[in-house]
Amino acid sequence: MASATNHNDVHRKAYVNTIEARSTVHGGSATVVVCAFASQRLEQTVGCVTSVLGQDPPPGQVIVVVDHNESLQGELRARLPDEVEIVANEHARGLSSARNTAIAHSRGEYVVFIDDDAIAHEGWLARLLSAFDDPQVVGVGGHARPLWETAQPGWLPPEFLWVVGCSYSGLPESGAVRNPLGCNMAFRAGLFDAVGRFNPAIGRLGSLPLGCEETEFCLRAARAMGGARIALTAGAEIDHHVPATRATARYLLRRCYFEGISKALVRRLGDSRSLDTERAYLRHALAARLRSSIRRVVSGRGAGDAAGQFAAVIGAVGAAAAGYLVGVVAFRVRPPAVLAPPALDPVA
């Protein structure tokens, strides 16, 4: 116990030293990061960066990391203002590595992440950063509202909007959470120096819908930094594009299957409490949706959509469970890489 306490003290000391240094030099500025990989999202990426530059007050630094796509990198250089830093992912392909490249180039006291197919609302950055007024808060998340290319499917339960990268029914408007949505989040820069960066062994790889890199990072930070908090804040909103290809039952099942694999990896790298949020989600949010769907089918009010939502919940949970079992076996046969902790100075 004493050894673990001393280890946490080392992380906290490194964290405090780093944020004090950045605050002194950069005056509390924010670095906003946009990770891009797909040429077909060029216009959306330009729109995203434009919405970021229009924030009041504006960010001190904007970085666009392009994930192994030289053509897209050139197009973005031609379309975006000179003040925007466009860099190539310096590591292996993947979202975690792209984010780590941006962190290495960041100069701000806060590092903010927004997806390349999102549009920041007015006041987004200011509201996001205001949560850091609480010194115990090391990470902050905002909300993502779906911007549908086609109409929202009636069969898709609002509890599954996370599947398309948006805030879902059951997610609190504000308060403490395990982790934020990856499309709209910010961390104190010193946290990365203290506990390490995103683990490249986990997270999205191109269009493959893996995930949970921010979940694993936040769990790692919580273990290393006793008393640190991750918070959701109201009003820090983005619109997140949802293409028609994601408004299908096939995408729902595929996304949930890969989410199950990702959750198996989170559990493998964490401890028995790592999936407490998912257990509560199953017991409360999804159970309530099933009961509501049955009542609507019986009453005849919106019976078609209700039956579709019931089927969607059963199918999605089944797909996630299958993915989880596959992941458990796969990671037992071939254990994932464990991210080495950063080198830290001893506690004085």
# chains A, B, ... in the order shown; residues from 1 in each chain; ligands from 1
call {"tool": "residues_around", "arguments": {"residues": "A:Leu72", "least_positions_apart": "4", "cutoff": "9 Å", "atoms": "only C-alpha atoms", "output": "list of chain:residue names"}}
result
A:Ala36, A:Phe37, A:Ala38, A:Ser39, A:Gln40, A:Leu42, A:Val66, A:His68, A:Leu76, A:Arg77
call {"tool": "residues_around", "arguments": {"residues": "stretch 173-179 of chain A", "least_positions_apart": "6", "cutoff": "7 Å", "atoms": "only C-alpha atoms", "output": "number ranges by chain"}}
result
A: 214-215, 218, 229-234
call {"tool": "write_last_selection", "arguments": {"atoms": "N, CA and C atoms", "output": "PDB file, in the first residue's frame"}}
result
ATOM      1  N   GLU A 214      -9.783   6.503 -25.366  1.00  0.00           N
ATOM      2  CA  GLU A 214      -9.937   7.503 -24.305  1.00  0.00           C
ATOM      3  C   GLU A 214     -10.416   6.853 -23.006  1.00  0.00           C
ATOM      4  N   THR A 215     -11.180   5.765 -23.108  1.00  0.00           N
ATOM      5  CA  THR A 215     -11.609   5.044 -21.900  1.00  0.00           C
ATOM      6  C   THR A 215     -10.400   4.477 -21.164  1.00  0.00           C
ATOM      7  N   CYS A 218      -8.324   7.299 -19.542  1.00  0.00           N
ATOM      8  CA  CYS A 218      -8.933   7.875 -18.346  1.00  0.00           C
ATOM      9  C   CYS A 218      -8.870   6.908 -17.168  1.00  0.00           C
ATOM     10  N   ARG A 229     -10.442  14.076 -11.313  1.00  0.00           N
ATOM     11  CA  ARG A 229     -11.804  13.901 -11.809  1.00  0.00           C
ATOM     12  C   ARG A 229     -11.871  14.137 -13.312  1.00  0.00           C
ATOM     13  N   ILE A 230     -12.735  13.360 -13.961  1.00  0.00           N
ATOM     14  CA  ILE A 230     -13.131  13.597 -15.347  1.00  0.00           C
ATOM     15  C   ILE A 230     -14.569  14.103 -15.286  1.00  0.00           C
ATOM     16  N   ALA A 231     -14.873  15.191 -15.972  1.00  0.00           N
ATOM     17  CA  ALA A 231     -16.194  15.797 -15.847  1.00  0.00           C
ATOM     18  C   ALA A 231     -16.819  16.057 -17.209  1.00  0.00           C
ATOM     19  N   LEU A 232     -18.141  15.940 -17.257  1.00  0.00           N
ATOM     20  CA  LEU A 232     -18.921  16.417 -18.390  1.00  0.00           C
ATOM     21  C   LEU A 232     -19.416  17.813 -18.062  1.00  0.00           C
ATOM     22  N   THR A 233     -19.427  18.691 -19.056  1.00  0.00           N
ATOM     23  CA  THR A 233     -19.913  20.042 -18.829  1.00  0.00           C
ATOM     24  C   THR A 233     -21.011  20.372 -19.832  1.00  0.00           C
ATOM     25  N   ALA A 234     -22.039  21.027 -19.362  1.00  0.00           N
ATOM     26  CA  ALA A 234     -23.155  21.403 -20.233  1.00  0.00           C
ATOM     27  C   ALA A 234     -22.777  22.611 -21.082  1.00  0.00           C
TER      28      ALA A 234
END
call {"tool": "select_by_dssp", "arguments": {"residues": "stretch 73-192 of chain A", "states": "strand (DSSP E)", "output": "PDB file with C-alpha atoms, in the first residue's frame"}}
result
ATOM      1  CA  VAL A  84      -3.116  26.023 -38.670  1.00  0.00           C
ATOM      2  CA  GLU A  85      -0.285  23.524 -38.134  1.00  0.00           C
ATOM      3  CA  ILE A  86      -0.697  20.504 -40.400  1.00  0.00           C
ATOM      4  CA  VAL A  87       1.470  17.555 -39.472  1.00  0.00           C
ATOM      5  CA  ALA A  88       1.678  13.917 -40.494  1.00  0.00           C
ATOM      6  CA  TYR A 110      -4.862  22.230 -22.291  1.00  0.00           C
ATOM      7  CA  VAL A 111      -5.093  19.778 -25.190  1.00  0.00           C
ATOM      8  CA  VAL A 112      -8.550  19.677 -26.787  1.00  0.00           C
ATOM      9  CA  PHE A 113      -9.747  17.024 -29.251  1.00  0.00           C
ATOM     10  CA  ILE A 114     -12.582  17.390 -31.764  1.00  0.00           C
ATOM     11  CA  ASP A 115     -13.421  14.999 -34.603  1.00  0.00           C
ATOM     12  CA  ALA A 118     -17.769  17.789 -36.328  1.00  0.00           C
ATOM     13  CA  ILE A 119     -18.736  21.452 -36.099  1.00  0.00           C
ATOM     14  CA  ALA A 120     -18.144  23.338 -32.843  1.00  0.00           C
ATOM     15  CA  VAL A 137     -10.616  18.223 -12.860  1.00  0.00           C
ATOM     16  CA  VAL A 138      -7.973  16.793 -15.196  1.00  0.00           C
ATOM     17  CA  GLY A 139     -10.239  15.971 -18.142  1.00  0.00           C
ATOM     18  CA  VAL A 140     -13.457  17.416 -19.560  1.00  0.00           C
ATOM     19  CA  GLY A 141     -16.010  16.286 -22.096  1.00  0.00           C
ATOM     20  CA  GLY A 142     -18.804  18.063 -23.923  1.00  0.00           C
ATOM     21  CA  HIS A 143     -21.840  16.808 -25.777  1.00  0.00           C
ATOM     22  CA  ALA A 144     -22.214  15.795 -29.425  1.00  0.00           C
ATOM     23  CA  ARG A 145     -25.518  16.265 -31.257  1.00  0.00           C
ATOM     24  CA  PRO A 146     -26.187  14.129 -34.349  1.00  0.00           C
ATOM     25  CA  LEU A 147     -26.214  15.882 -37.717  1.00  0.00           C
ATOM     26  CA  TRP A 148     -27.921  13.233 -39.840  1.00  0.00           C
ATOM     27  CA  GLY A 175     -21.017  15.897 -13.600  1.00  0.00           C
ATOM     28  CA  ALA A 176     -18.360  13.271 -12.989  1.00  0.00           C
ATOM     29  CA  ASN A 184     -15.327  16.300 -27.866  1.00  0.00           C
ATOM     30  CA  MET A 185     -12.870  16.236 -24.987  1.00  0.00           C
ATOM     31  CA  ALA A 186     -10.006  18.102 -23.353  1.00  0.00           C
ATOM     32  CA  PHE A 187      -7.241  17.267 -20.891  1.00  0.00           C
ATOM     33  CA  ARG A 188      -4.667  19.208 -18.931  1.00  0.00           C
TER      34      ARG A 188
END
call {"tool": "closest_residue", "arguments": {"among": "A:Gln152, A:Gln55, A:Ser130, A:Asn199", "to": "A:Arg246", "atoms": "only C-alpha atoms"}}
result
A:Gln152
call {"tool": "residues_around", "arguments": {"residues": "A:Ile63", "least_positions_apart": "4", "cutoff": "12 Å", "atoms": "only C-alpha atoms", "output": "MDAnalysis selection string"}}
result
chainID A and resid 30:36 45 48:49 52:53 59 76:77 80:89 98:108 111:114 116
call {"tool": "closest_residue", "arguments": {"among": "A:Arg41, A:Arg254, A:Arg332, A:Arg295", "to": "A:Pro209", "atoms": "only C-alpha atoms"}}
result
A:Arg254
call {"tool": "closest_residue", "arguments": {"among": "A:Gly235, A:His121, A:Leu290, A:Arg93", "to": "A:Thr50", "atoms": "only C-alpha atoms"}}
result
A:His121
call {"tool": "closest_residue", "arguments": {"among": "A:Gly227, A:Ala236, A:Gly190, A:Ala78", "to": "A:Ala131", "atoms": "only C-alpha atoms"}}
result
A:Ala236
call {"tool": "select_by_dssp", "arguments": {"residues": "stretch 72-271 of chain A", "states": "helix (DSSP H, G or I)", "output": "compact mmCIF listing (two decimals) with C-alpha atoms, in the first residue's frame"}}
result
# COMPACT_ATOMS: atom_id res chain seq x y z
CA LEU A 72 -5.17 14.84 -47.98
CA GLN A 73 -2.30 16.57 -46.23
CA GLY A 74 -1.54 18.58 -49.37
CA GLU A 75 -5.18 19.50 -49.93
CA LEU A 76 -5.52 20.71 -46.34
CA ARG A 77 -2.39 22.86 -46.65
CA ALA A 78 -3.94 24.53 -49.68
CA ARG A 79 -7.31 25.10 -48.00
CA LEU A 95 -6.14 7.38 -34.09
CA SER A 96 -4.19 6.85 -30.87
CA SER A 97 -0.89 7.40 -32.65
CA ALA A 98 -2.26 10.48 -34.45
CA ARG A 99 -3.37 11.97 -31.15
CA ASN A 100 0.03 11.22 -29.64
CA THR A 101 1.72 13.06 -32.52
CA ALA A 102 -0.42 16.11 -31.77
CA ILE A 103 0.35 15.94 -28.06
CA ALA A 104 4.07 15.97 -28.88
CA HIS A 105 3.58 19.15 -30.94
CA TRP A 124 -17.82 25.53 -27.27
CA LEU A 125 -14.17 26.05 -26.33
CA ALA A 126 -14.81 28.54 -23.53
CA ARG A 127 -17.42 26.28 -21.92
CA LEU A 128 -15.20 23.24 -22.23
CA LEU A 129 -12.21 24.94 -20.62
CA SER A 130 -14.29 26.57 -17.87
CA ALA A 131 -14.57 23.16 -16.18
CA PHE A 132 -10.85 23.34 -15.43
CA ASP A 133 -11.57 26.09 -12.91
CA PRO A 158 -31.57 6.97 -28.35
CA GLU A 159 -29.50 4.90 -25.90
CA PHE A 160 -27.42 3.78 -28.90
CA LEU A 161 -26.49 7.18 -30.29
CA TRP A 162 -22.96 6.52 -28.99
CA VAL A 163 -22.71 4.08 -31.90
CA VAL A 164 -22.69 7.06 -34.29
CA ALA A 189 -1.45 18.78 -20.89
CA GLY A 190 0.43 17.86 -17.74
CA LEU A 191 -1.65 14.71 -17.43
CA PHE A 192 0.02 13.19 -20.49
CA ASP A 193 3.47 13.90 -19.08
CA ALA A 194 2.49 12.31 -15.78
CA VAL A 195 0.68 9.13 -16.83
CA GLU A 213 -8.66 4.59 -26.42
CA GLU A 214 -9.94 7.50 -24.31
CA THR A 215 -11.61 5.04 -21.90
CA GLU A 216 -8.34 3.22 -21.28
CA PHE A 217 -6.46 6.50 -20.90
CA CYS A 218 -8.93 7.87 -18.35
CA LEU A 219 -8.91 4.64 -16.36
CA ARG A 220 -5.12 4.72 -16.31
CA ALA A 221 -5.15 8.35 -15.17
CA ALA A 222 -7.66 7.57 -12.40
CA ARG A 223 -5.48 4.75 -11.09
CA ALA A 224 -2.34 6.91 -11.11
CA ALA A 244 -26.21 7.50 -44.26
CA THR A 245 -23.99 4.42 -44.12
CA ARG A 246 -24.10 4.56 -40.31
CA ALA A 249 -28.83 -2.04 -38.74
CA ARG A 250 -25.71 -3.56 -40.27
CA TYR A 251 -23.54 -0.70 -39.02
CA LEU A 252 -25.11 -0.91 -35.55
CA LEU A 253 -24.29 -4.60 -35.22
CA ARG A 254 -20.80 -4.23 -36.67
CA ARG A 255 -19.98 -1.27 -34.42
CA CYS A 256 -21.25 -3.08 -31.33
CA TYR A 257 -19.27 -6.21 -32.21
CA PHE A 258 -16.03 -4.23 -32.41
CA GLU A 259 -16.98 -2.30 -29.27
CA GLY A 260 -17.17 -5.65 -27.49
CA ILE A 261 -13.64 -6.47 -28.65
CA SER A 262 -12.45 -3.05 -27.47
CA LYS A 263 -14.09 -3.51 -24.07
CA ALA A 264 -12.34 -6.87 -23.67
CA LEU A 265 -9.05 -5.06 -24.21
CA VAL A 266 -10.00 -2.34 -21.71
CA ARG A 267 -10.76 -5.03 -19.13
CA ARG A 268 -7.51 -6.83 -19.92
CA LEU A 269 -5.48 -3.64 -19.41
call {"tool": "atom_distance", "arguments": {"atom1": "atom CA of A:Cys183", "atom2": "atom CA of A:Gly226"}}
result
25.6 Å
call {"tool": "atom_distance", "arguments": {"atom1": "atom CA of A:Pro157", "atom2": "atom CA of A:Ala247"}}
result
11.7 Å
call {"tool": "closest_residue", "arguments": {"among": "A:Ala307, A:Ala321, A:Ile314, A:Arg279", "to": "A:Ser292", "atoms": "only C-alpha atoms"}}
result
A:Ala307
call {"tool": "atom_distance", "arguments": {"atom1": "atom CA of A:His91", "atom2": "atom CA of A:Val326"}}
result
27.4 Å
call {"tool": "decode", "arguments": {"residues": "stretch 93-122 of chain A", "atoms": "N, CA and C atoms", "output": "short mmCIF file (atom, residue, chain, number, x, y, z; two decimals), in the first residue's frame"}}
result
data_model
loop_
_atom_site.label_atom_id
_atom_site.label_comp_id
_atom_site.auth_asym_id
_atom_site.auth_seq_id
_atom_site.Cartn_x
_atom_site.Cartn_y
_atom_site.Cartn_z
N ARG A 93 -0.03 3.80 -38.17
CA ARG A 93 -1.37 4.25 -38.51
C ARG A 93 -2.35 3.99 -37.37
N GLY A 94 -3.25 4.95 -37.13
CA GLY A 94 -4.26 4.77 -36.09
C GLY A 94 -4.53 6.06 -35.35
N LEU A 95 -5.73 6.15 -34.77
CA LEU A 95 -6.14 7.38 -34.09
C LEU A 95 -5.31 7.65 -32.85
N SER A 96 -4.99 6.63 -32.08
CA SER A 96 -4.19 6.85 -30.87
C SER A 96 -2.84 7.44 -31.21
N SER A 97 -2.20 6.89 -32.24
CA SER A 97 -0.89 7.40 -32.65
C SER A 97 -0.99 8.82 -33.20
N ALA A 98 -2.07 9.12 -33.94
CA ALA A 98 -2.26 10.48 -34.45
C ALA A 98 -2.42 11.46 -33.31
N ARG A 99 -3.21 11.09 -32.31
CA ARG A 99 -3.37 11.97 -31.15
C ARG A 99 -2.05 12.17 -30.42
N ASN A 100 -1.26 11.10 -30.32
CA ASN A 100 0.03 11.22 -29.64
C ASN A 100 0.98 12.14 -30.39
N THR A 101 0.91 12.12 -31.72
CA THR A 101 1.72 13.06 -32.52
C THR A 101 1.34 14.49 -32.19
N ALA A 102 0.04 14.76 -32.09
CA ALA A 102 -0.42 16.11 -31.77
C ALA A 102 0.02 16.53 -30.38
N ILE A 103 -0.06 15.62 -29.43
CA ILE A 103 0.35 15.94 -28.06
C ILE A 103 1.83 16.34 -28.04
N ALA A 104 2.65 15.65 -28.82
CA ALA A 104 4.07 15.97 -28.88
C ALA A 104 4.32 17.36 -29.44
N HIS A 105 3.43 17.83 -30.32
CA HIS A 105 3.58 19.15 -30.94
C HIS A 105 2.85 20.26 -30.17
N SER A 106 2.09 19.89 -29.16
CA SER A 106 1.24 20.87 -28.48
C SER A 106 2.06 21.78 -27.56
N ARG A 107 1.59 23.02 -27.42
CA ARG A 107 2.24 23.99 -26.55
C ARG A 107 1.29 24.51 -25.48
N GLY A 108 0.03 24.21 -25.56
CA GLY A 108 -0.93 24.78 -24.65
C GLY A 108 -0.98 24.08 -23.30
N GLU A 109 -1.60 24.75 -22.35
CA GLU A 109 -1.82 24.16 -21.04
C GLU A 109 -2.89 23.09 -21.10
N TYR A 110 -3.80 23.20 -22.09
CA TYR A 110 -4.86 22.23 -22.29
C TYR A 110 -4.77 21.69 -23.71
N VAL A 111 -5.05 20.39 -23.87
CA VAL A 111 -5.09 19.78 -25.19
C VAL A 111 -6.53 19.33 -25.44
N VAL A 112 -7.13 19.87 -26.49
CA VAL A 112 -8.55 19.68 -26.79
C VAL A 112 -8.67 18.87 -28.08
N PHE A 113 -9.56 17.88 -28.09
CA PHE A 113 -9.75 17.02 -29.25
C PHE A 113 -11.18 17.16 -29.78
N ILE A 114 -11.29 17.36 -31.09
CA ILE A 114 -12.58 17.39 -31.76
C ILE A 114 -12.45 16.60 -33.05
N ASP A 115 -13.49 15.83 -33.40
CA ASP A 115 -13.42 15.00 -34.60
C ASP A 115 -13.45 15.84 -35.87
N ASP A 116 -12.87 15.30 -36.93
CA ASP A 116 -12.75 16.04 -38.19
C ASP A 116 -14.09 16.22 -38.89
N ASP A 117 -15.11 15.44 -38.50
CA ASP A 117 -16.43 15.58 -39.13
C ASP A 117 -17.43 16.23 -38.17
N ALA A 118 -16.92 17.10 -37.30
CA ALA A 118 -17.77 17.79 -36.33
C ALA A 118 -17.67 19.30 -36.52
N ILE A 119 -18.69 20.00 -36.05
CA ILE A 119 -18.74 21.45 -36.10
C ILE A 119 -18.94 21.96 -34.67
N ALA A 120 -18.05 22.81 -34.20
CA ALA A 120 -18.14 23.34 -32.84
C ALA A 120 -19.18 24.45 -32.78
N HIS A 121 -20.04 24.40 -31.76
CA HIS A 121 -21.00 25.47 -31.53
C HIS A 121 -20.30 26.72 -31.01
N GLU A 122 -20.96 27.85 -31.11
CA GLU A 122 -20.46 29.08 -30.52
C GLU A 122 -20.30 28.89 -29.02
#
